[in-house]
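Input: a single structure, listed below in structure tokens.
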Amino acid sequence: MQVEQKSVSSQTNKITYTYIKTGGPRICFMFSGLGYTYEKPLLYYVTMLMIKHGIDVVQIHYTYSKELMTKSTDEIADVMMKDICLVLQDVLPQNSYKDIIFAGKSLGTIPLIQRVMKDEVYKDAVMLLLTPLLTRTELFESLLKSSHKGLLVIGSGDHYYTEEVYRLKTNPMNIAVIENADHSLDVLYAPAESLRVLGTVLDGIEQLLWDRK
């Protein structure tokens with residue numbers, strides 16, 4: 001396994017990313033949350049799971065102010081895609097991966113749902129949507145129209161949770177609602193239960209990975 005810290009620039013943007021190479025034929029691009037970064041439990045163990053299955057991992061290190069969240073959903077997606085596209089264009093043309101996985105947490109699900117999932121280039125990619133911002137109407141409407149396979153996970157105690165999520169059950173996307181879990185998929189003051197939730201999410205992702213082999 002090889003780990004590289006890389007950066008790529010345009011005239012207006014510079015973005016860094018971590019590239020973990022296992023030598024396998026699959027790759028996972030990871031989009032973190034605003035404050036929930038790659039060393040936090042969920043994204044850390046998703047990374048470990050990808051490595052276990054011989055999947056290369058790209059962790060994109062963007063930083064934005066909290067003011068970004070006051071913008072419209074499409075404005076946020078456009079801002080983030082300027083950074084994300086730099087990384088995609090730096091990695092994919094140099095390799096011939098047979099399968100692409102995208103994993104987004106919270107804020108990171110906005111460009112995934114609004115831009116990547118609507119791009120024909122990635123129509124066969126697997127999507128891991130971890131605590132998406134379902135109360136943003138544009139995101140939810142986009143998910144209703146999506147035919148992507150993958151996994152959507154959200155806690156019933158998340159402030160972005162809505163019971164409307166069950167309308168997505170007709171989609172190819174697997175939907176997992178974790179009772180009492182918050183936006184970090186933690187169950188407040190219940191560490192053992194929080195660890196079980198983490199295991200459940202990882203099991204769901206692992207099943208997807210086996211199905212795609």
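Labeling convention for the structure tokens: chains A, B, ... as they appear, residues from 1 per chain, ligands from 1 in order of appearance.
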Quiz item: Leaving out Tyr19 in chain A and any residue of its chain fewer than 6 positions from it, which residues lie within 8 Å of it when counting only C-alpha atoms, given as an NGL selection string?
Solution: :A and (3-6 or 56-59)
Selection export as a PDB file, in the first residue's frame, atoms kept: C-alpha atoms:
ATOM      1  CA  VAL A   3      -0.037   6.766   0.615  1.00  0.00           C
ATOM      2  CA  GLU A   4       0.560  10.033  -1.220  1.00  0.00           C
ATOM      3  CA  GLN A   5      -0.285  13.593  -0.203  1.00  0.00           C
ATOM      4  CA  LYS A   6      -0.994  15.502  -3.385  1.00  0.00           C
ATOM      5  CA  ASP A  56      -7.886   2.724  -3.723  1.00  0.00           C
ATOM      6  CA  VAL A  57      -9.061   5.743  -1.726  1.00  0.00           C
ATOM      7  CA  VAL A  58      -8.939   9.461  -2.473  1.00  0.00           C
ATOM      8  CA  GLN A  59      -9.778  11.756   0.440  1.00  0.00           C
TER       9      GLN A  59
END
Quiz item: Quick one: residues within 8 Å of Thr22 in chain A, only C-alpha atoms counted, chain neighbours fewer than 3 positions away excluded, as an MDAnalysis selection string?
Solution: chainID A and resid 1:2 51 54:56
Output N, CA and C atoms for every residue in the selection just made, as a compact mmCIF listing (two decimals), in the first residue's frame.
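Final output, saved to out04.txt:
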# COMPACT_ATOMS: atom_id res chain seq x y z
N MET A 1 0.84 -1.19 0.00
CA MET A 1 0.00 0.00 0.00
C MET A 1 0.88 1.25 0.00
N GLN A 2 0.45 2.22 -0.76
CA GLN A 2 1.21 3.47 -0.88
C GLN A 2 0.29 4.65 -0.58
N ILE A 51 -9.74 -0.18 2.08
CA ILE A 51 -8.40 -0.75 1.98
C ILE A 51 -8.45 -2.27 2.15
N GLY A 54 -9.13 -3.93 -1.00
CA GLY A 54 -8.21 -3.63 -2.10
C GLY A 54 -8.70 -2.51 -2.99
N ILE A 55 -9.40 -1.55 -2.40
CA ILE A 55 -9.95 -0.42 -3.16
C ILE A 55 -9.10 0.82 -2.87
N ASP A 56 -8.62 1.47 -3.90
CA ASP A 56 -7.89 2.72 -3.72
C ASP A 56 -8.82 3.78 -3.14
Go through range 15-72 of chain A residue by residue and, counting only C-alpha atoms, keep those with an atom at most 12 Å from range 131-139 of chain A; for each kept residue give the shortest atom pair and its distance in Å to one decimal, ordered by chain and increasing number, as a tab-separated table.
residue	atom	partner	partner_atom	distance
A:Phe31	CA	A:Pro132	CA	11.7
A:Ser32	CA	A:Thr131	CA	11.0
A:Gly33	CA	A:Thr131	CA	9.5
A:Tyr36	CA	A:Thr131	CA	11.0
A:Leu42	CA	A:Thr131	CA	10.8
A:Leu43	CA	A:Thr131	CA	11.8
A:Met69	CA	A:Leu133	CA	11.0
A:Thr70	CA	A:Arg136	CA	11.7
A:Lys71	CA	A:Arg136	CA	11.4
A:Ser72	CA	A:Arg136	CA	9.1
Quiz item: Got a sec: who's within 12 Å of Tyr166 in chain A, counting only C-alpha atoms, leaving out chain neighbours fewer than 2 positions off, as a PyMOL selection string?
Solution: chain A and resi 134+140+143-144+152-154+156+161-164+168-171+173-177
Quiz item: Taking the backbone alone, and naming residues the way the document does, which bits of range 13-189 of chain A are alpha helix (DSSP H) by DSSP, as an MDAnalysis selection string?
Solution: chainID A and resid 41:52 73:91 109:114 137:144
Dump C-alpha atoms for the selected residues as an mmCIF file, in the first residue's frame?
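For reference, selection38.cif as written:
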data_model
loop_
_atom_site.group_PDB
_atom_site.id
_atom_site.type_symbol
_atom_site.label_atom_id
_atom_site.label_comp_id
_atom_site.auth_asym_id
_atom_site.auth_seq_id
_atom_site.Cartn_x
_atom_site.Cartn_y
_atom_site.Cartn_z
ATOM 1 C CA PRO A 41 -14.835 7.352 13.327
ATOM 2 C CA LEU A 42 -17.263 6.837 10.443
ATOM 3 C CA LEU A 43 -14.986 8.065 7.650
ATOM 4 C CA TYR A 44 -11.900 6.504 9.256
ATOM 5 C CA TYR A 45 -13.470 3.046 9.292
ATOM 6 C CA VAL A 46 -15.013 3.442 5.837
ATOM 7 C CA THR A 47 -11.464 4.146 4.639
ATOM 8 C CA MET A 48 -10.172 1.032 6.434
ATOM 9 C CA LEU A 49 -12.970 -1.027 4.875
ATOM 10 C CA MET A 50 -12.039 0.125 1.383
ATOM 11 C CA ILE A 51 -8.395 -0.755 1.984
ATOM 12 C CA LYS A 52 -9.427 -4.185 3.293
ATOM 13 C CA THR A 73 -28.017 24.005 -2.574
ATOM 14 C CA ASP A 74 -26.946 24.532 -6.176
ATOM 15 C CA GLU A 75 -24.569 27.333 -5.232
ATOM 16 C CA ILE A 76 -22.920 25.062 -2.667
ATOM 17 C CA ALA A 77 -22.635 22.272 -5.232
ATOM 18 C CA ASP A 78 -21.003 24.610 -7.765
ATOM 19 C CA VAL A 79 -18.459 25.923 -5.245
ATOM 20 C CA MET A 80 -17.486 22.429 -4.153
ATOM 21 C CA MET A 81 -17.352 20.949 -7.655
ATOM 22 C CA LYS A 82 -14.671 23.460 -8.640
ATOM 23 C CA ASP A 83 -12.415 21.720 -6.125
ATOM 24 C CA ILE A 84 -13.696 18.195 -6.631
ATOM 25 C CA CYS A 85 -13.365 18.286 -10.425
ATOM 26 C CA LEU A 86 -9.701 19.262 -10.116
ATOM 27 C CA VAL A 87 -9.059 16.055 -8.177
ATOM 28 C CA LEU A 88 -11.176 13.822 -10.418
ATOM 29 C CA GLN A 89 -9.367 15.157 -13.485
ATOM 30 C CA ASP A 90 -6.009 14.637 -11.794
ATOM 31 C CA VAL A 91 -6.676 11.009 -10.830
ATOM 32 C CA THR A 109 -23.411 14.678 -0.139
ATOM 33 C CA ILE A 110 -24.488 17.963 -1.757
ATOM 34 C CA PRO A 111 -22.133 17.851 -4.775
ATOM 35 C CA LEU A 112 -22.625 14.092 -4.954
ATOM 36 C CA ILE A 113 -26.390 14.281 -5.274
ATOM 37 C CA GLN A 114 -26.692 17.535 -7.224
ATOM 38 C CA THR A 137 -35.786 20.178 -0.896
ATOM 39 C CA GLU A 138 -33.563 20.209 -3.985
ATOM 40 C CA LEU A 139 -31.480 17.319 -2.674
ATOM 41 C CA PHE A 140 -34.486 15.232 -1.813
ATOM 42 C CA GLU A 141 -36.126 15.822 -5.192
ATOM 43 C CA SER A 142 -32.901 14.822 -6.935
ATOM 44 C CA LEU A 143 -32.756 11.590 -4.930
ATOM 45 C CA LEU A 144 -36.341 10.744 -5.878
#
Quiz prompt | Those in chain A with strand (DSSP E or B) from DSSP, as a PyMOL selection string | solution = chain A and resi 2-9+14-21+26-31+55-61+99-105+126-130+150-155+173-178+181+187
Quiz item: Lys149 in chain A: which residues within 8 Å, counting only C-alpha atoms, same-chain residues fewer than 3 positions away excluded, as a PyMOL selection string?
Solution: chain A and resi 124-127+172-174
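CA of Tyr64 in chain A sits 19.5 Å away from CA of Val116 in chain A.
Distance check against His148 in chain A using only C-alpha atoms: of A:Ile178, A:Ile101, A:Leu198, A:Met117, the minimum falls on A:Met117.
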